[in-house]
$ cat target_4.csv   # CSV, C-alpha atoms (C1' of nucleotides)
chain,number,residue,atom,x,y,z
A,1,MET,CA,-11.6,5.8,18.4
A,2,ARG,CA,-8.6,3.7,17.7
A,3,ILE,CA,-7.7,2.1,14.4
A,4,GLY,CA,-9.3,-1.2,15.0
A,5,GLU,CA,-12.7,0.4,15.6
A,6,LEU,CA,-12.3,2.6,12.6
A,7,ALA,CA,-11.4,-0.4,10.4
A,8,ARG,CA,-14.5,-2.2,11.7
A,9,ARG,CA,-16.8,0.6,11.2
A,10,THR,CA,-15.7,1.5,7.7
A,11,GLY,CA,-14.9,-2.0,6.4
A,12,VAL,CA,-11.4,-0.8,5.5
A,13,SER,CA,-8.3,-2.7,6.7
A,14,GLU,CA,-6.0,-1.3,9.2
A,15,ARG,CA,-3.3,-1.6,6.7
A,16,SER,CA,-5.1,0.7,4.3
A,17,LEU,CA,-5.9,3.2,7.0
A,18,ARG,CA,-2.2,3.6,7.8
A,19,TYR,CA,-1.5,3.9,4.1
A,20,TYR,CA,-4.1,6.7,3.8
A,21,GLU,CA,-2.4,8.6,6.6
A,22,GLN,CA,1.0,8.1,5.0
A,23,GLN,CA,-0.4,9.5,1.7
A,24,GLY,CA,-1.8,12.5,3.6
A,25,LEU,CA,-5.4,11.6,3.2
A,26,LEU,CA,-6.2,11.0,6.8
A,27,VAL,CA,-5.0,12.6,10.0
A,28,SER,CA,-4.9,11.2,13.5
A,29,ASP,CA,-3.9,12.2,17.0
A,30,ARG,CA,-1.6,10.0,18.8
A,31,SER,CA,-1.9,8.7,22.3
A,32,PRO,CA,1.1,9.2,24.7
A,33,GLY,CA,2.2,5.7,23.7
A,34,GLY,CA,2.0,6.5,20.0
A,35,GLN,CA,-1.2,4.8,19.0
A,36,ARG,CA,-3.6,6.5,16.6
A,37,GLU,CA,-6.7,8.2,17.9
A,38,TYR,CA,-9.4,9.2,15.3
A,39,ALA,CA,-12.1,11.7,15.6
A,40,GLU,CA,-15.7,10.7,14.8
A,41,ARG,CA,-15.7,12.3,11.4
A,42,ALA,CA,-12.9,10.1,10.3
A,43,VAL,CA,-15.5,7.5,9.5
A,44,ASP,CA,-17.1,9.6,6.8
A,45,ARG,CA,-13.7,10.7,5.6
A,46,VAL,CA,-12.6,7.1,5.1
A,47,ILE,CA,-15.7,6.2,3.3
A,48,LEU,CA,-15.3,9.1,1.0
A,49,ILE,CA,-11.7,8.2,0.3
A,50,GLN,CA,-12.8,4.7,-0.6
A,51,GLU,CA,-15.4,6.0,-3.0
A,52,LEU,CA,-12.8,8.3,-4.7
A,53,PHE,CA,-10.4,5.3,-5.0
A,54,ALA,CA,-13.2,3.3,-6.5
A,55,ALA,CA,-13.7,6.1,-9.0
A,56,GLY,CA,-10.1,5.6,-10.1
A,57,LEU,CA,-8.5,8.7,-8.6
A,58,HIS,CA,-5.0,8.2,-7.3
A,59,SER,CA,-4.0,9.1,-3.8
A,60,LYS,CA,-2.1,12.1,-4.8
A,61,LYS,CA,-5.1,13.6,-6.5
A,62,ILE,CA,-7.3,12.8,-3.6
A,63,ALA,CA,-4.9,14.5,-1.3
A,64,GLU,CA,-5.1,17.7,-3.3
A,65,LEU,CA,-8.9,17.4,-3.7
A,66,LEU,CA,-9.9,16.9,-0.1
A,67,PRO,CA,-8.8,20.2,1.3
A,68,CYS,CA,-10.8,22.0,-1.3
A,69,MET,CA,-14.1,20.4,-0.5
A,70,ARG,CA,-16.8,22.5,1.0
A,71,ASP,CA,-16.8,21.8,4.6
A,72,PRO,CA,-20.3,21.3,6.0
A,73,ASP,CA,-19.2,22.7,9.4
A,74,GLY,CA,-17.4,25.5,7.8
A,75,GLY,CA,-13.8,24.5,8.4
A,76,PRO,CA,-11.1,26.5,6.7
A,77,ASN,CA,-10.8,25.0,3.2
A,78,GLU,CA,-8.2,25.7,0.6
A,79,ARG,CA,-8.8,27.2,-2.8
A,80,ALA,CA,-8.5,24.8,-5.8
A,81,THR,CA,-5.7,25.8,-8.1
A,82,PRO,CA,-6.4,26.2,-11.8
A,83,GLN,CA,-4.3,23.2,-12.4
A,84,LEU,CA,-6.3,21.1,-10.0
A,85,VAL,CA,-9.6,22.3,-11.6
A,86,THR,CA,-8.3,21.2,-14.9
A,87,ASP,CA,-7.3,17.8,-13.5
A,88,LEU,CA,-10.6,17.3,-11.8
A,89,THR,CA,-12.5,18.2,-14.8
A,90,ALA,CA,-10.6,15.6,-16.8
A,91,GLU,CA,-11.4,13.1,-14.1
A,92,ARG,CA,-15.0,14.0,-14.1
A,93,ASP,CA,-15.1,13.5,-17.8
A,94,ARG,CA,-13.4,10.2,-17.4
A,95,ILE,CA,-15.9,9.1,-14.8
A,96,ASP,CA,-18.7,10.0,-17.1
A,97,ARG,CA,-17.3,7.9,-19.8
A,98,LEU,CA,-16.7,5.1,-17.4
A,99,ILE,CA,-20.3,5.2,-16.2
A,100,ALA,CA,-21.4,4.9,-19.8
A,101,ASP,CA,-19.1,1.9,-20.3
A,102,LEU,CA,-20.3,0.3,-17.1
A,103,SER,CA,-23.8,0.6,-18.2
A,104,THR,CA,-23.0,-1.2,-21.5
A,105,SER,CA,-21.2,-3.9,-19.6
A,106,ARG,CA,-24.0,-4.3,-17.2
A,107,ALA,CA,-26.4,-4.7,-20.0
A,108,VAL,CA,-24.2,-7.4,-21.5
A,109,LEU,CA,-24.0,-9.3,-18.3
A,110,ASP,CA,-27.7,-8.9,-17.7
A,111,ASP,CA,-28.5,-10.2,-21.1
A,112,VAL,CA,-26.4,-13.4,-20.5
A,113,ILE,CA,-27.9,-13.9,-17.1
A,114,THR,CA,-31.5,-13.4,-18.4
A,115,THR,CA,-30.9,-15.6,-21.4
A,116,ALA,CA,-29.6,-18.4,-19.2
A,117,ALA,CA,-32.5,-18.0,-16.9
A,118,ARG,CA,-35.0,-18.3,-19.8
A,119,GLU,CA,-33.3,-21.5,-21.0
A,120,LEU,CA,-33.8,-23.4,-17.8
B,1,MET,CA,-6.9,-6.8,-41.4
B,2,ARG,CA,-3.6,-7.1,-39.6
B,3,ILE,CA,-2.8,-6.2,-36.1
B,4,GLY,CA,-1.6,-2.7,-36.8
B,5,GLU,CA,-4.8,-1.7,-38.3
B,6,LEU,CA,-6.9,-3.3,-35.6
B,7,ALA,CA,-4.8,-1.5,-33.0
B,8,ARG,CA,-5.3,1.8,-34.8
B,9,ARG,CA,-9.0,1.3,-35.3
B,10,THR,CA,-9.7,0.3,-31.7
B,11,GLY,CA,-7.2,2.4,-29.9
B,12,VAL,CA,-5.9,-0.7,-28.2
B,13,SER,CA,-2.2,-1.4,-28.3
B,14,GLU,CA,-0.8,-4.3,-30.3
B,15,ARG,CA,0.6,-5.7,-27.1
B,16,SER,CA,-2.8,-5.9,-25.6
B,17,LEU,CA,-4.3,-7.5,-28.7
B,18,ARG,CA,-1.8,-10.3,-28.5
B,19,TYR,CA,-2.5,-10.6,-24.8
B,20,TYR,CA,-6.2,-10.9,-25.5
B,21,GLU,CA,-5.6,-13.7,-27.9
B,22,GLN,CA,-3.3,-15.4,-25.4
B,23,GLN,CA,-6.1,-15.2,-22.8
B,24,GLY,CA,-8.6,-16.7,-25.3
B,25,LEU,CA,-10.6,-13.6,-25.8
B,26,LEU,CA,-9.8,-13.0,-29.4
B,27,VAL,CA,-9.2,-15.2,-32.3
B,28,SER,CA,-7.2,-14.6,-35.5
B,29,ASP,CA,-6.3,-16.4,-38.6
B,30,ARG,CA,-2.7,-16.6,-39.5
B,31,SER,CA,-1.0,-15.8,-42.8
B,32,PRO,CA,1.3,-18.4,-44.4
B,33,GLY,CA,4.1,-16.5,-42.7
B,34,GLY,CA,2.4,-16.6,-39.3
B,35,GLN,CA,1.1,-13.0,-39.1
B,36,ARG,CA,-2.3,-12.5,-37.5
B,37,GLU,CA,-5.3,-11.7,-39.8
B,38,TYR,CA,-8.5,-10.4,-38.2
B,39,ALA,CA,-12.0,-10.5,-39.4
B,40,GLU,CA,-14.0,-7.2,-39.5
B,41,ARG,CA,-16.0,-8.1,-36.5
B,42,ALA,CA,-12.8,-8.2,-34.4
B,43,VAL,CA,-13.2,-4.4,-34.0
B,44,ASP,CA,-16.4,-4.7,-32.1
B,45,ARG,CA,-15.1,-7.6,-30.2
B,46,VAL,CA,-12.1,-5.7,-29.0
B,47,ILE,CA,-14.1,-2.7,-28.0
B,48,LEU,CA,-16.4,-5.0,-26.0
B,49,ILE,CA,-13.5,-6.6,-24.3
B,50,GLN,CA,-12.2,-3.2,-23.3
B,51,GLU,CA,-15.5,-2.2,-21.9
B,52,LEU,CA,-15.7,-5.4,-19.8
B,53,PHE,CA,-12.1,-4.8,-18.6
B,54,ALA,CA,-13.2,-1.2,-17.6
B,55,ALA,CA,-16.0,-2.8,-15.7
B,56,GLY,CA,-13.5,-4.7,-13.6
B,57,LEU,CA,-14.0,-8.2,-15.0
B,58,HIS,CA,-10.9,-10.3,-15.3
B,59,SER,CA,-9.9,-12.0,-18.5
B,60,LYS,CA,-10.8,-15.4,-17.3
B,61,LYS,CA,-14.4,-14.4,-16.6
B,62,ILE,CA,-14.6,-12.5,-19.9
B,63,ALA,CA,-13.4,-15.7,-21.6
B,64,GLU,CA,-16.2,-17.6,-20.1
B,65,LEU,CA,-18.7,-14.9,-20.8
B,66,LEU,CA,-18.1,-14.2,-24.4
B,67,PRO,CA,-19.2,-17.5,-25.8
B,68,CYS,CA,-22.5,-17.2,-24.0
B,69,MET,CA,-23.5,-13.9,-25.5
B,70,ARG,CA,-26.4,-13.8,-27.8
B,71,ASP,CA,-25.0,-13.7,-31.3
B,72,PRO,CA,-26.7,-11.1,-33.5
B,73,ASP,CA,-25.9,-13.2,-36.6
B,74,GLY,CA,-27.0,-16.4,-34.9
B,75,GLY,CA,-23.7,-18.1,-34.4
B,76,PRO,CA,-23.6,-21.1,-32.2
B,77,ASN,CA,-23.2,-19.9,-28.7
B,78,GLU,CA,-22.6,-21.9,-25.5
B,79,ARG,CA,-24.9,-22.2,-22.6
B,80,ALA,CA,-23.9,-20.4,-19.4
B,81,THR,CA,-23.3,-22.8,-16.6
B,82,PRO,CA,-25.1,-22.2,-13.3
B,83,GLN,CA,-21.7,-21.3,-11.7
B,84,LEU,CA,-21.1,-18.7,-14.4
B,85,VAL,CA,-24.6,-17.2,-13.9
B,86,THR,CA,-23.9,-16.9,-10.2
B,87,ASP,CA,-20.6,-15.2,-10.9
B,88,LEU,CA,-22.0,-12.8,-13.4
B,89,THR,CA,-24.8,-11.9,-11.1
B,90,ALA,CA,-22.3,-11.0,-8.4
B,91,GLU,CA,-20.4,-9.0,-11.0
B,92,ARG,CA,-23.6,-7.2,-12.0
B,93,ASP,CA,-24.3,-6.3,-8.4
B,94,ARG,CA,-20.8,-5.1,-8.0
B,95,ILE,CA,-21.1,-2.9,-11.1
B,96,ASP,CA,-24.4,-1.5,-9.7
B,97,ARG,CA,-22.7,-0.5,-6.5
B,98,LEU,CA,-19.8,0.9,-8.4
B,99,ILE,CA,-22.0,3.1,-10.5
B,100,ALA,CA,-23.5,4.4,-7.4
B,101,ASP,CA,-20.1,5.1,-5.9
B,102,LEU,CA,-19.0,6.8,-9.2
B,103,SER,CA,-22.0,9.0,-9.1
B,104,THR,CA,-21.1,10.1,-5.6
B,105,SER,CA,-17.6,10.8,-6.5
B,106,ARG,CA,-18.7,12.6,-9.6
B,107,ALA,CA,-20.8,14.9,-7.5
B,108,VAL,CA,-17.9,15.6,-5.2
B,109,LEU,CA,-15.7,16.5,-8.1
B,110,ASP,CA,-18.4,18.6,-9.6
B,111,ASP,CA,-18.9,20.5,-6.4
B,112,VAL,CA,-15.2,21.4,-6.1
B,113,ILE,CA,-15.0,22.4,-9.7
B,114,THR,CA,-18.2,24.5,-9.5
B,115,THR,CA,-17.1,26.1,-6.2
B,116,ALA,CA,-13.7,27.0,-7.7
B,117,ALA,CA,-15.4,28.5,-10.8
B,118,ARG,CA,-17.7,30.6,-8.6
B,119,GLU,CA,-14.8,32.0,-6.6
B,120,LEU,CA,-13.0,33.4,-9.6
C,1,DG,C1',2.1,-7.6,38.1
C,2,DT,C1',0.9,-10.4,34.4
C,3,DA,C1',-1.3,-12.0,30.4
C,4,DA,C1',-3.9,-11.2,26.4
C,5,DA,C1',-5.4,-8.1,23.0
C,6,DA,C1',-4.4,-4.2,20.2
C,7,DT,C1',-1.3,-1.4,17.9
C,8,DC,C1',3.2,0.1,16.1
C,9,DT,C1',6.9,0.2,12.1
C,10,DG,C1',9.1,-1.7,8.3
C,11,DA,C1',9.6,-4.8,4.7
C,12,DC,C1',8.3,-7.8,1.1
C,13,DA,C1',4.6,-10.0,-1.9
C,14,DT,C1',0.7,-9.8,-4.9
C,15,DC,C1',-2.4,-8.8,-8.8
C,16,DA,C1',-3.3,-8.3,-14.0
C,17,DG,C1',-3.1,-5.6,-17.7
C,18,DT,C1',0.1,-2.9,-20.1
C,19,DG,C1',4.8,-0.8,-21.7
C,20,DT,C1',9.0,-1.7,-23.7
C,21,DC,C1',12.9,-3.8,-25.6
C,22,DA,C1',15.7,-7.4,-28.2
C,23,DG,C1',16.5,-10.2,-31.9
C,24,DG,C1',14.5,-12.4,-35.6
C,25,DT,C1',11.0,-13.0,-39.6
C,26,DT,C1',7.6,-11.6,-43.0
C,27,DC,C1',5.5,-8.5,-46.2
C,28,DA,C1',5.1,-5.0,-49.8
C,29,DA,C1',7.2,-1.7,-52.9
C,30,DG,C1',10.9,-0.1,-55.8
D,1,DC,C1',17.1,-8.4,-54.9
D,2,DT,C1',16.9,-4.9,-51.6
D,3,DT,C1',15.1,-2.0,-48.3
D,4,DG,C1',12.2,-0.5,-44.9
D,5,DA,C1',7.9,-1.1,-42.6
D,6,DA,C1',5.2,-4.3,-40.1
D,7,DC,C1',5.0,-8.3,-37.5
D,8,DC,C1',6.6,-12.3,-34.5
D,9,DT,C1',7.9,-14.4,-29.8
D,10,DG,C1',9.7,-14.0,-25.3
D,11,DA,C1',11.2,-11.7,-21.4
D,12,DC,C1',11.3,-8.2,-18.0
D,13,DA,C1',9.4,-3.9,-15.6
D,14,DC,C1',5.9,-1.2,-13.8
D,15,DT,C1',1.9,0.5,-11.3
D,16,DG,C1',-0.4,1.3,-6.7
D,17,DA,C1',-3.5,-0.1,-3.4
D,18,DT,C1',-3.6,-3.9,-0.4
D,19,DG,C1',-2.2,-8.5,2.1
D,20,DT,C1',0.8,-10.4,5.2
D,21,DC,C1',4.4,-11.3,8.3
D,22,DA,C1',7.9,-10.3,12.0
D,23,DG,C1',9.3,-8.3,16.1
D,24,DA,C1',8.6,-4.7,19.4
D,25,DT,C1',5.5,-1.7,22.2
D,26,DT,C1',1.2,-0.1,24.3
D,27,DT,C1',-3.1,-0.8,26.3
D,28,DT,C1',-6.6,-3.2,28.8
D,29,DA,C1',-8.4,-6.6,31.9
D,30,DC,C1',-7.9,-9.5,35.7
$ encode --input "target_4.csv" --output "C-alpha cells"
Amino acid sequence: MRIGELARRTGVSERSLRYYEQQGLLVSDRSPGGQREYAERAVDRVILIQELFAAGLHSKKIAELLPCMRDPDGGPNERATPQLVTDLTAERDRIDRLIADLSTSRAVLDDVITTAAREL
Amino acid sequence: MRIGELARRTGVSERSLRYYEQQGLLVSDRSPGGQREYAERAVDRVILIQELFAAGLHSKKIAELLPCMRDPDGGPNERATPQLVTDLTAERDRIDRLIADLSTSRAVLDDVITTAAREL
DNA sequence: GTAAAATCTGACATCAGTGTCAGGTTCAAG
DNA sequence: CTTGAACCTGACACTGATGTCAGATTTTAC
C-alpha cells in the first residue's frame, strides 16, 4: 500500500510516517518512480511505534528496541545489548511510575467531575 | 518556607516554581523584600501539579481545575463550569486510553528485557 | 494526451515546560 | 559593615514530534 492508505488506516499523518522512516523506525520499498510502498505488516508496526511514543520513548530508543522484539513469524532479530537492557529497564520503571501518577490524576479529575455532577 | 526549600522538598526546580506561579497554579506571600514565602501545603500542591503535568494536562486546564477540587480542610472552592466538566471528562478518557497504551508498551519492553535475560 | 489526485523532498513553524545566564537585590551570619 | 548565599526579574535556547507550505514529480483515470 502507499503512504496515503497507511496514514488512513493507522490514523498517523503522512508527515509522521516519513519522519519514522527517516528515524529508522519504518522501512518501505520504492516504486520505479520513487514512491513508498508498504507491506501489510507496516500497519501494526506504525501502531506499535505510536504506542511507544505515547509511552515517552524517544525515536532513537525505539529504533534500537524494534529489532530486538520477538518476531511472531520468526524473522531474524537482533540481540539486545546490555546497555539497551539497562536503558529499557529504566524506561519500564519510569512507565510504572507514570502509570501510578496517571491513576492519581485520573482520580482527581474523576472526583471533580463527580462532585460537579452531584451539585447539579 | 522560601523557594529553595520548596524546590528541594518537591524535587521541582525554582524555575518551574516561578513558572507555576506565573501560570496561576501556585500562590505565595512575599517578604518585605519581595521574596516568595510558601505555606506548608505548597509542597502537596506542587506535587499534585507535577502529577497533572505528567498526565498531559496543560497549565491553563490545571489552573481551572485546582479551584474546583474538594478541599480537605473545607476551604471555599469554586464550582466547575459545564464546559470544564466536558473538558475534564475528555481528559479523563484520554488518560484511560493512555494507561492502556502504556500497559502495552510496558509489556513490549518487559518482553525484550526478559528475552535478553534468558539468552545470557 | 491531459487533467486531477497522490506523492516526493526540503524547509520553516509550533508547542509548552524547563534550563540557563545576566545583572541586580535581599537575607542571614560574622 | 561586610561577605556570601539565596533570591529577584527578564530574556533567550532547547527539545522533538508534528503541522504546514512550496514547488516538482509520479500515478491514475478519463
$ atom_distance --input "target_4.csv" --atom1 "C1' of DC1 (chain D)" --atom2 "C1' of DC27 (chain C)"
14.5 Å
$ residues_near_point --input "target_4.csv" --point "(7.1, -5.7, -33.7)" --cutoff "10 Å" --atoms "only C-alpha atoms (C1' of nucleotides)" --output "JSON, numbers by chain"
{"B": [4, 14, 15], "D": [6, 7, 8, 9]}
$ interface_residues --input "target_4.csv" --of "chain A" --to "chain B" --cutoff "8 Å" --atoms "all atoms listed in the file" --output "ChimeraX atom specification"
/A:51-52,54-55,65,68-70,79-80,85,88-89,92,95-96,98-99,101-102,104-106,108-113,116
$ atom_distance --input "target_4.csv" --atom1 "CA of Lys60 (chain A)" --atom2 "C1' of DG19 (chain C)"
22.4 Å
$ interface_residues --input "target_4.csv" --of "chain C" --to "chain A" --cutoff "9 Å" --atoms "only C-alpha atoms (C1' of nucleotides)" --output "PDB file with C-alpha atoms (C1' of nucleotides), in the frame of the given file"
ATOM      1  C1'  DA C   6      -4.400  -4.200  20.200  1.00  0.00           C
ATOM      2  C1'  DT C   7      -1.300  -1.400  17.900  1.00  0.00           C
ATOM      3  C1'  DC C   8       3.200   0.100  16.100  1.00  0.00           C
TER       4       DC C   8
END
$ residues_near_point --input "target_4.csv" --point "(2.2, -5.6, 2.8)" --cutoff "9 Å" --atoms "all atoms listed in the file" --output "short mmCIF file (atom, residue, chain, number, x, y, z; two decimals) with C-alpha atoms (C1' of nucleotides), keeping the file's coordinate frame"
data_model
loop_
_atom_site.label_atom_id
_atom_site.label_comp_id
_atom_site.auth_asym_id
_atom_site.auth_seq_id
_atom_site.Cartn_x
_atom_site.Cartn_y
_atom_site.Cartn_z
CA ARG A 15 -3.30 -1.60 6.70
"C1'" DA C 11 9.60 -4.80 4.70
"C1'" DC C 12 8.30 -7.80 1.10
"C1'" DA C 13 4.60 -10.00 -1.90
"C1'" DT C 14 0.70 -9.80 -4.90
"C1'" DT D 18 -3.60 -3.90 -0.40
"C1'" DG D 19 -2.20 -8.50 2.10
"C1'" DT D 20 0.80 -10.40 5.20
"C1'" DC D 21 4.40 -11.30 8.30
#
$ closest_residue --input "target_4.csv" --among "B:His58, B:Arg9, B:Gln23, B:Ser31" --to "chain D" --atoms "all atoms listed in the file"
B:Ser31
$ atom_distance --input "target_4.csv" --atom1 "CA of Pro72 (chain B)" --atom2 "CA of Ile47 (chain B)"
16.1 Å
$ closest_residue --input "target_4.csv" --among "A:Ser59, A:Leu26, A:Ala42, A:Leu6" --to "chain D" --atoms "only C-alpha atoms (C1' of nucleotides)"
A:Ser59
$ closest_residue --input "target_4.csv" --among "B:Glu5, B:Arg18, B:Gly24, B:Ile62" --to "Ala39 (chain B)" --atoms "only C-alpha atoms"
B:Glu5
$ axis_aligned_box --input "target_4.csv" --around "region 78-85 of chain B" --padding-each-side "5 Å" --output "JSON"
{"center_x": -23.1, "center_y": -20.0, "center_z": -18.6, "size_x": 14.0, "size_y": 15.6, "size_z": 23.8}
$ closest_residue --input "target_4.csv" --among "D:DT2, D:DA11, D:DA22, D:DT27" --to "chain A" --atoms "all atoms listed in the file"
D:DT27
